[in-house]
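Peer 1: My structure is in model.pdb, and what it holds is PDB, N, CA and C atoms:
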ATOM      1  N   MET A   1      36.136  93.898 119.453
ATOM      2  CA  MET A   1      36.573  94.748 118.355
ATOM      3  C   MET A   1      37.598  95.746 118.898
ATOM      4  N   PRO A   2      38.741  95.894 118.247
ATOM      5  CA  PRO A   2      39.744  96.852 118.721
ATOM      6  C   PRO A   2      39.285  98.297 118.524
ATOM      7  N   GLN A   3      39.783  99.161 119.403
ATOM      8  CA  GLN A   3      39.470 100.581 119.266
ATOM      9  C   GLN A   3      40.239 101.159 118.084
ATOM     10  N   VAL A   4      39.616 102.068 117.401
ATOM     11  CA  VAL A   4      40.237 102.721 116.243
ATOM     12  C   VAL A   4      40.919 104.000 116.714
ATOM     13  N   GLN A   5      42.160 104.193 116.299
ATOM     14  CA  GLN A   5      42.877 105.413 116.635
ATOM     15  C   GLN A   5      42.898 106.342 115.435
ATOM     16  N   HIS A   6      42.706 107.626 115.717
ATOM     17  CA  HIS A   6      42.696 108.664 114.683
ATOM     18  C   HIS A   6      43.765 109.692 115.014
ATOM     19  N   GLU A   7      44.291 110.335 114.003
ATOM     20  CA  GLU A   7      45.210 111.442 114.204
ATOM     21  C   GLU A   7      44.413 112.734 114.217
ATOM     22  N   ILE A   8      44.638 113.553 115.241
ATOM     23  CA  ILE A   8      44.020 114.874 115.334
ATOM     24  C   ILE A   8      45.133 115.884 115.564
ATOM     25  N   SER A   9      44.830 117.150 115.408
ATOM     26  CA  SER A   9      45.863 118.167 115.577
ATOM     27  C   SER A   9      45.899 118.674 117.012
ATOM     28  N   ILE A  10      47.075 119.113 117.421
ATOM     29  CA  ILE A  10      47.248 119.833 118.676
ATOM     30  C   ILE A  10      47.850 121.170 118.319
ATOM     31  N   THR A  11      47.284 122.238 118.890
ATOM     32  CA  THR A  11      47.771 123.586 118.629
ATOM     33  C   THR A  11      48.349 124.158 119.914
ATOM     34  N   TYR A  12      49.604 124.576 119.837
ATOM     35  CA  TYR A  12      50.295 125.154 120.986
ATOM     36  C   TYR A  12      50.135 126.674 120.985
ATOM     37  N   LEU A  13      50.393 127.298 122.129
ATOM     38  CA  LEU A  13      50.210 128.743 122.254
ATOM     39  C   LEU A  13      51.058 129.543 121.278
ATOM     40  N   ASP A  14      52.220 129.029 120.926
ATOM     41  CA  ASP A  14      53.073 129.772 119.993
ATOM     42  C   ASP A  14      52.621 129.629 118.540
ATOM     43  N   GLY A  15      51.527 128.872 118.322
ATOM     44  CA  GLY A  15      50.951 128.745 116.985
ATOM     45  C   GLY A  15      51.354 127.511 116.217
ATOM     46  N   HIS A  16      52.394 126.809 116.648
ATOM     47  CA  HIS A  16      52.762 125.613 115.883
ATOM     48  C   HIS A  16      51.830 124.459 116.223
ATOM     49  N   THR A  17      51.756 123.524 115.313
ATOM     50  CA  THR A  17      50.859 122.388 115.478
ATOM     51  C   THR A  17      51.639 121.088 115.424
ATOM     52  N   ALA A  18      51.031 120.049 115.960
ATOM     53  CA  ALA A  18      51.602 118.713 115.946
ATOM     54  C   ALA A  18      50.453 117.721 115.859
ATOM     55  N   VAL A  19      50.778 116.442 115.972
ATOM     56  CA  VAL A  19      49.773 115.398 115.860
ATOM     57  C   VAL A  19      49.533 114.763 117.227
ATOM     58  N   ALA A  20      48.261 114.559 117.548
ATOM     59  CA  ALA A  20      47.844 113.830 118.750
ATOM     60  C   ALA A  20      47.067 112.606 118.269
ATOM     61  N   ALA A  21      46.910 111.646 119.160
ATOM     62  CA  ALA A  21      46.124 110.453 118.825
ATOM     63  C   ALA A  21      44.823 110.486 119.604
ATOM     64  N   SER A  22      43.730 110.086 118.966
ATOM     65  CA  SER A  22      42.455 109.984 119.673
ATOM     66  C   SER A  22      41.884 108.589 119.491
ATOM     67  N   THR A  23      41.233 108.132 120.528
ATOM     68  CA  THR A  23      40.509 106.867 120.487
ATOM     69  C   THR A  23      39.323 107.004 121.427
ATOM     70  N   GLY A  24      38.160 106.635 120.957
ATOM     71  CA  GLY A  24      36.957 106.859 121.765
ATOM     72  C   GLY A  24      36.805 108.342 122.037
ATOM     73  N   ASN A  25      36.585 108.712 123.319
ATOM     74  CA  ASN A  25      36.465 110.129 123.656
ATOM     75  C   ASN A  25      37.745 110.655 124.326
ATOM     76  N   ASN A  26      38.860 109.975 124.119
ATOM     77  CA  ASN A  26      40.137 110.339 124.720
ATOM     78  C   ASN A  26      41.156 110.733 123.663
ATOM     79  N   ALA A  27      42.171 111.472 124.115
ATOM     80  CA  ALA A  27      43.277 111.826 123.239
ATOM     81  C   ALA A  27      44.572 111.746 124.036
ATOM     82  N   ALA A  28      45.667 111.471 123.344
ATOM     83  CA  ALA A  28      46.991 111.410 123.951
ATOM     84  C   ALA A  28      47.953 112.209 123.088
ATOM     85  N   TRP A  29      48.902 112.901 123.744
ATOM     86  CA  TRP A  29      49.853 113.727 123.027
ATOM     87  C   TRP A  29      51.079 113.961 123.898
ATOM     88  N   LEU A  30      52.136 114.451 123.271
ATOM     89  CA  LEU A  30      53.357 114.782 123.981
ATOM     90  C   LEU A  30      53.397 116.282 124.243
ATOM     91  N   CYS A  31      53.806 116.646 125.449
ATOM     92  CA  CYS A  31      53.933 118.054 125.816
ATOM     93  C   CYS A  31      55.167 118.635 125.131
ATOM     94  N   VAL A  32      55.159 119.942 124.919
ATOM     95  CA  VAL A  32      56.304 120.594 124.292
ATOM     96  C   VAL A  32      57.549 120.595 125.183
ATOM     97  N   CYS A  33      57.396 120.273 126.465
ATOM     98  CA  CYS A  33      58.555 120.229 127.370
ATOM     99  C   CYS A  33      59.340 118.923 127.218
ATOM    100  N   HIS A  34      58.894 118.059 126.329
ATOM    101  CA  HIS A  34      59.555 116.784 126.027
ATOM    102  C   HIS A  34      59.457 115.765 127.151
ATOM    103  N   ARG A  35      58.418 115.857 127.975
ATOM    104  CA  ARG A  35      58.162 114.805 128.955
ATOM    105  C   ARG A  35      57.964 113.514 128.173
ATOM    106  N   PRO A  36      58.653 112.422 128.528
ATOM    107  CA  PRO A  36      58.581 111.211 127.704
ATOM    108  C   PRO A  36      57.258 110.452 127.777
ATOM    109  N   VAL A  37      56.478 110.698 128.806
ATOM    110  CA  VAL A  37      55.184 110.007 128.954
ATOM    111  C   VAL A  37      54.093 110.890 128.361
ATOM    112  N   PRO A  38      53.258 110.361 127.465
ATOM    113  CA  PRO A  38      52.190 111.178 126.867
ATOM    114  C   PRO A  38      51.172 111.647 127.909
ATOM    115  N   LEU A  39      50.603 112.798 127.647
ATOM    116  CA  LEU A  39      49.477 113.286 128.441
ATOM    117  C   LEU A  39      48.217 112.640 127.883
ATOM    118  N   LEU A  40      47.227 112.429 128.720
ATOM    119  CA  LEU A  40      45.989 111.772 128.314
ATOM    120  C   LEU A  40      44.809 112.543 128.868
ATOM    121  N   GLY A  41      43.841 112.848 128.011
ATOM    122  CA  GLY A  41      42.659 113.580 128.456
ATOM    123  C   GLY A  41      41.429 113.134 127.713
ATOM    124  N   TYR A  42      40.258 113.436 128.294
ATOM    125  CA  TYR A  42      39.013 113.099 127.602
ATOM    126  C   TYR A  42      38.352 114.361 127.097
ATOM    127  N   SER A  43      37.477 114.197 126.117
ATOM    128  CA  SER A  43      36.920 115.335 125.401
ATOM    129  C   SER A  43      35.873 116.087 126.205
ATOM    130  N   ASP A  44      35.776 117.359 125.865
ATOM    131  CA  ASP A  44      34.808 118.263 126.463
ATOM    132  C   ASP A  44      34.100 119.008 125.339
ATOM    133  N   ASP A  45      32.971 119.576 125.666
ATOM    134  CA  ASP A  45      32.184 120.360 124.722
ATOM    135  C   ASP A  45      33.000 121.558 124.234
ATOM    136  N   ALA A  46      32.975 121.809 122.947
ATOM    137  CA  ALA A  46      33.732 122.921 122.367
ATOM    138  C   ALA A  46      33.227 124.276 122.856
ATOM    139  N   GLN A  47      32.001 124.342 123.342
ATOM    140  CA  GLN A  47      31.391 125.604 123.759
ATOM    141  C   GLN A  47      31.761 126.031 125.176
ATOM    142  N   ARG A  48      32.314 125.131 125.982
ATOM    143  CA  ARG A  48      32.648 125.489 127.364
ATOM    144  C   ARG A  48      33.909 124.736 127.785
ATOM    145  N   ILE A  49      34.509 125.190 128.868
ATOM    146  CA  ILE A  49      35.688 124.525 129.403
ATOM    147  C   ILE A  49      35.358 124.015 130.799
ATOM    148  N   SER A  50      35.355 122.723 130.955
ATOM    149  CA  SER A  50      35.142 122.088 132.252
ATOM    150  C   SER A  50      36.499 121.836 132.889
ATOM    151  N   ALA A  51      36.633 122.132 134.181
ATOM    152  CA  ALA A  51      37.911 121.912 134.874
ATOM    153  C   ALA A  51      38.327 120.444 134.814
ATOM    154  N   ALA A  52      37.364 119.547 134.757
ATOM    155  CA  ALA A  52      37.666 118.113 134.708
ATOM    156  C   ALA A  52      38.305 117.708 133.386
ATOM    157  N   ALA A  53      38.143 118.511 132.358
ATOM    158  CA  ALA A  53      38.686 118.179 131.046
ATOM    159  C   ALA A  53      40.013 118.887 130.763
ATOM    160  N   VAL A  54      40.523 119.627 131.727
ATOM    161  CA  VAL A  54      41.812 120.295 131.567
ATOM    162  C   VAL A  54      42.908 119.362 132.075
ATOM    163  N   VAL A  55      43.948 119.187 131.280
ATOM    164  CA  VAL A  55      45.076 118.320 131.625
ATOM    165  C   VAL A  55      46.296 119.202 131.855
ATOM    166  N   GLU A  56      46.947 119.028 133.002
ATOM    167  CA  GLU A  56      48.145 119.796 133.316
ATOM    168  C   GLU A  56      49.363 118.879 133.285
ATOM    169  N   CYS A  57      50.383 119.299 132.572
ATOM    170  CA  CYS A  57      51.615 118.517 132.505
ATOM    171  C   CYS A  57      52.300 118.564 133.871
ATOM    172  N   PRO A  58      52.599 117.416 134.449
ATOM    173  CA  PRO A  58      53.247 117.407 135.761
ATOM    174  C   PRO A  58      54.696 117.902 135.748
ATOM    175  N   LYS A  59      55.300 117.982 134.567
ATOM    176  CA  LYS A  59      56.689 118.435 134.474
ATOM    177  C   LYS A  59      56.800 119.955 134.365
ATOM    178  N   CYS A  60      55.961 120.565 133.511
ATOM    179  CA  CYS A  60      56.100 122.001 133.237
ATOM    180  C   CYS A  60      54.861 122.834 133.571
ATOM    181  N   GLN A  61      53.784 122.194 133.973
ATOM    182  CA  GLN A  61      52.521 122.842 134.354
ATOM    183  C   GLN A  61      51.778 123.519 133.199
ATOM    184  N   ARG A  62      52.156 123.219 131.952
ATOM    185  CA  ARG A  62      51.335 123.706 130.834
ATOM    186  C   ARG A  62      49.985 123.017 130.900
ATOM    187  N   LYS A  63      48.934 123.710 130.451
ATOM    188  CA  LYS A  63      47.583 123.152 130.499
ATOM    189  C   LYS A  63      47.016 123.000 129.101
ATOM    190  N   TYR A  64      46.274 121.926 128.924
ATOM    191  CA  TYR A  64      45.676 121.591 127.633
ATOM    192  C   TYR A  64      44.236 121.157 127.841
ATOM    193  N   ARG A  65      43.474 121.188 126.755
ATOM    194  CA  ARG A  65      42.146 120.573 126.779
ATOM    195  C   ARG A  65      41.878 119.858 125.466
ATOM    196  N   VAL A  66      41.079 118.811 125.574
ATOM    197  CA  VAL A  66      40.684 118.007 124.420
ATOM    198  C   VAL A  66      39.308 118.506 123.985
ATOM    199  N   VAL A  67      39.195 118.930 122.740
ATOM    200  CA  VAL A  67      37.961 119.536 122.229
ATOM    201  C   VAL A  67      37.206 118.556 121.346
ATOM    202  N   ALA A  68      35.885 118.537 121.521
ATOM    203  CA  ALA A  68      35.000 117.711 120.695
ATOM    204  C   ALA A  68      33.728 118.505 120.416
ATOM    205  N   PRO A  69      32.941 118.090 119.430
ATOM    206  CA  PRO A  69      31.692 118.798 119.117
ATOM    207  C   PRO A  69      30.705 118.820 120.282
ATOM    208  N   SER A  70      30.737 117.792 121.128
ATOM    209  CA  SER A  70      29.873 117.742 122.302
ATOM    210  C   SER A  70      30.584 116.957 123.398
ATOM    211  N   LYS A  71      30.064 117.042 124.585
ATOM    212  CA  LYS A  71      30.714 116.431 125.746
ATOM    213  C   LYS A  71      30.922 114.938 125.560
ATOM    214  N   ARG A  72      32.140 114.483 125.862
ATOM    215  CA  ARG A  72      32.545 113.076 125.783
ATOM    216  C   ARG A  72      32.274 112.450 124.420
ATOM    217  N   ASN A  73      32.517 113.228 123.386
ATOM    218  CA  ASN A  73      32.352 112.772 122.014
ATOM    219  C   ASN A  73      33.748 112.565 121.414
ATOM    220  N   VAL A  74      33.808 112.138 120.181
ATOM    221  CA  VAL A  74      35.087 111.909 119.506
ATOM    222  C   VAL A  74      35.841 113.238 119.394
ATOM    223  N   PRO A  75      37.069 113.315 119.909
ATOM    224  CA  PRO A  75      37.835 114.566 119.872
ATOM    225  C   PRO A  75      38.171 114.998 118.451
ATOM    226  N   THR A  76      38.208 116.307 118.266
ATOM    227  CA  THR A  76      38.586 116.879 116.979
ATOM    228  C   THR A  76      39.923 117.595 117.046
ATOM    229  N   GLU A  77      40.338 118.010 118.255
ATOM    230  CA  GLU A  77      41.624 118.697 118.404
ATOM    231  C   GLU A  77      41.994 118.786 119.881
ATOM    232  N   VAL A  78      43.268 119.081 120.112
ATOM    233  CA  VAL A  78      43.779 119.401 121.448
ATOM    234  C   VAL A  78      44.349 120.810 121.362
ATOM    235  N   VAL A  79      44.087 121.643 122.380
ATOM    236  CA  VAL A  79      44.615 123.005 122.385
ATOM    237  C   VAL A  79      45.327 123.278 123.703
ATOM    238  N   GLU A  80      46.418 124.022 123.614
ATOM    239  CA  GLU A  80      47.102 124.457 124.817
ATOM    240  C   GLU A  80      46.389 125.692 125.342
ATOM    241  N   LEU A  81      46.187 125.768 126.642
ATOM    242  CA  LEU A  81      45.504 126.898 127.280
ATOM    243  C   LEU A  81      46.515 127.865 127.863
ATOM    244  N   ARG A  82      46.101 129.075 128.030
ATOM    245  CA  ARG A  82      46.958 130.110 128.658
ATOM    246  C   ARG A  82      47.011 129.909 130.143
TER
END
Could you spell out this file's structure in C-alpha cells?

Peer 2:
Amino acid sequence: MPQVQHEISITYLDGHTAVAASTGNNAAWLCVCHRPVPLLGYSDDAQRISAAAVVECPKCQRKYRVVAPSKRNVPTEVVELR
C-alpha cells in the first residue's frame, strides 16, 4: 500500500506560513533560504523538544522541528526555531 501524503503548515519566525508535506511520522519542506533540496525531519512530542528532532539547514543554519501530538506520530506542523 502506498504511503499517504498530507499537507501541513510550516510557520517561520517572521510569522509567514507555507506548506510542508507529511507522510508517516516524517515531514519535508523547503527552507526560506531557497536551498533546492527539501529538509526532512521526523515528528516529536509537542510538549518537549528533543535534539534528535531538530533539523538544521546545511545552507543557512536555520533550525526547525516537526511537531506531532505525541512522539513519532503523524505530524501536524513544522515550526522554525530561534

Peer 1: So which residues of chain A fall under strand (DSSP E or B) by DSSP, listed as a VMD selection string?

Peer 2: chain A and resid 6 to 11 17 to 23 26 to 29 39 to 45 54 to 56 63 to 68 77 to 81

Peer 1: Show me, as an MDAnalysis selection string, the residues that have an atom within 7 Å of Val67 (chain A) when counting only C-alpha atoms, minus same-chain residues fewer than 3 positions from it.

Peer 2: chainID A and resid 43:46 75:78

Peer 1: Quick one: apply the PyMOL selection byres (((chain A and resi 21-31 and name CA) around 9) and name CA) to the file and drop the selected residues here as a PyMOL selection string.

Peer 2: chain A and resi 3-10+18-20+32-44+57+60+62+66+68+71-78

Peer 1: Figure out the distance between atom N of Val54 (chain A) and CA of Tyr12 (chain A), please, to one decimal in Å.

Peer 2: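 Separating CA of Tyr12 (chain A) from atom N of Val54 (chain A) is a distance of 15.5 Å.
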
Peer 1: What is the CA of Gln47 (chain A)-atom C of Lys63 (chain A) distance in Å, reported with one decimal?

Peer 2: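 Interatomic distance here is 16.7 Å.
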
Peer 1: What does the distance between atom C of Val79 (chain A) and CA of Pro58 (chain A) come to in Å, to one decimal place?

Peer 2: 15.6 Å

Peer 1: Which of these, A:Ile49, A:Pro69, A:Glu56, A:Tyr64, has the shortest distance to Leu81 (chain A) once you count only N, CA and C atoms?

Peer 2: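 Using only N, CA and C atoms, the shortest distance to Leu81 (chain A) belongs to A:Tyr64.
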
Peer 1: Using all atoms of region 65-74 of chain A listed in the file and a margin of 8 Å per side, can you give the axis-aligned box centre and edge lengths in Å to one decimal, as lines of an AutoDock Vina configuration file?

Peer 2:
center_x = 36.7
center_y = 116.5
center_z = 122.9
size_x = 29.6
size_y = 25.3
size_z = 23.7

Peer 1: Assuming the input is short of atoms at region 57-69 of chain A, produce N, CA, C and O atoms for that part as a short mmCIF file (atom, residue, chain, number, x, y, z; two decimals), in the frame of the given file.

Peer 2:
data_model
loop_
_atom_site.label_atom_id
_atom_site.label_comp_id
_atom_site.auth_asym_id
_atom_site.auth_seq_id
_atom_site.Cartn_x
_atom_site.Cartn_y
_atom_site.Cartn_z
N CYS A 57 50.38 119.30 132.57
CA CYS A 57 51.62 118.52 132.50
C CYS A 57 52.30 118.56 133.87
O CYS A 57 52.55 119.65 134.40
N PRO A 58 52.60 117.42 134.45
CA PRO A 58 53.25 117.41 135.76
C PRO A 58 54.70 117.90 135.75
O PRO A 58 55.24 118.24 136.78
N LYS A 59 55.30 117.98 134.57
CA LYS A 59 56.69 118.44 134.47
C LYS A 59 56.80 119.96 134.36
O LYS A 59 57.61 120.58 135.04
N CYS A 60 55.96 120.56 133.51
CA CYS A 60 56.10 122.00 133.24
C CYS A 60 54.86 122.83 133.57
O CYS A 60 54.88 124.04 133.42
N GLN A 61 53.78 122.19 133.97
CA GLN A 61 52.52 122.84 134.35
C GLN A 61 51.78 123.52 133.20
O GLN A 61 50.87 124.30 133.41
N ARG A 62 52.16 123.22 131.95
CA ARG A 62 51.34 123.71 130.83
C ARG A 62 49.98 123.02 130.90
O ARG A 62 49.88 121.86 131.31
N LYS A 63 48.93 123.71 130.45
CA LYS A 63 47.58 123.15 130.50
C LYS A 63 47.02 123.00 129.10
O LYS A 63 47.24 123.84 128.23
N TYR A 64 46.27 121.93 128.92
CA TYR A 64 45.68 121.59 127.63
C TYR A 64 44.24 121.16 127.84
O TYR A 64 43.85 120.76 128.93
N ARG A 65 43.47 121.19 126.76
CA ARG A 65 42.15 120.57 126.78
C ARG A 65 41.88 119.86 125.47
O ARG A 65 42.41 120.24 124.41
N VAL A 66 41.08 118.81 125.57
CA VAL A 66 40.68 118.01 124.42
C VAL A 66 39.31 118.51 123.98
O VAL A 66 38.36 118.51 124.78
N VAL A 67 39.20 118.93 122.74
CA VAL A 67 37.96 119.54 122.23
C VAL A 67 37.21 118.56 121.35
O VAL A 67 37.80 117.85 120.53
N ALA A 68 35.88 118.54 121.52
CA ALA A 68 35.00 117.71 120.70
C ALA A 68 33.73 118.50 120.42
O ALA A 68 33.44 119.49 121.11
N PRO A 69 32.94 118.09 119.43
CA PRO A 69 31.69 118.80 119.12
C PRO A 69 30.70 118.82 120.28
O PRO A 69 29.92 119.75 120.42
#
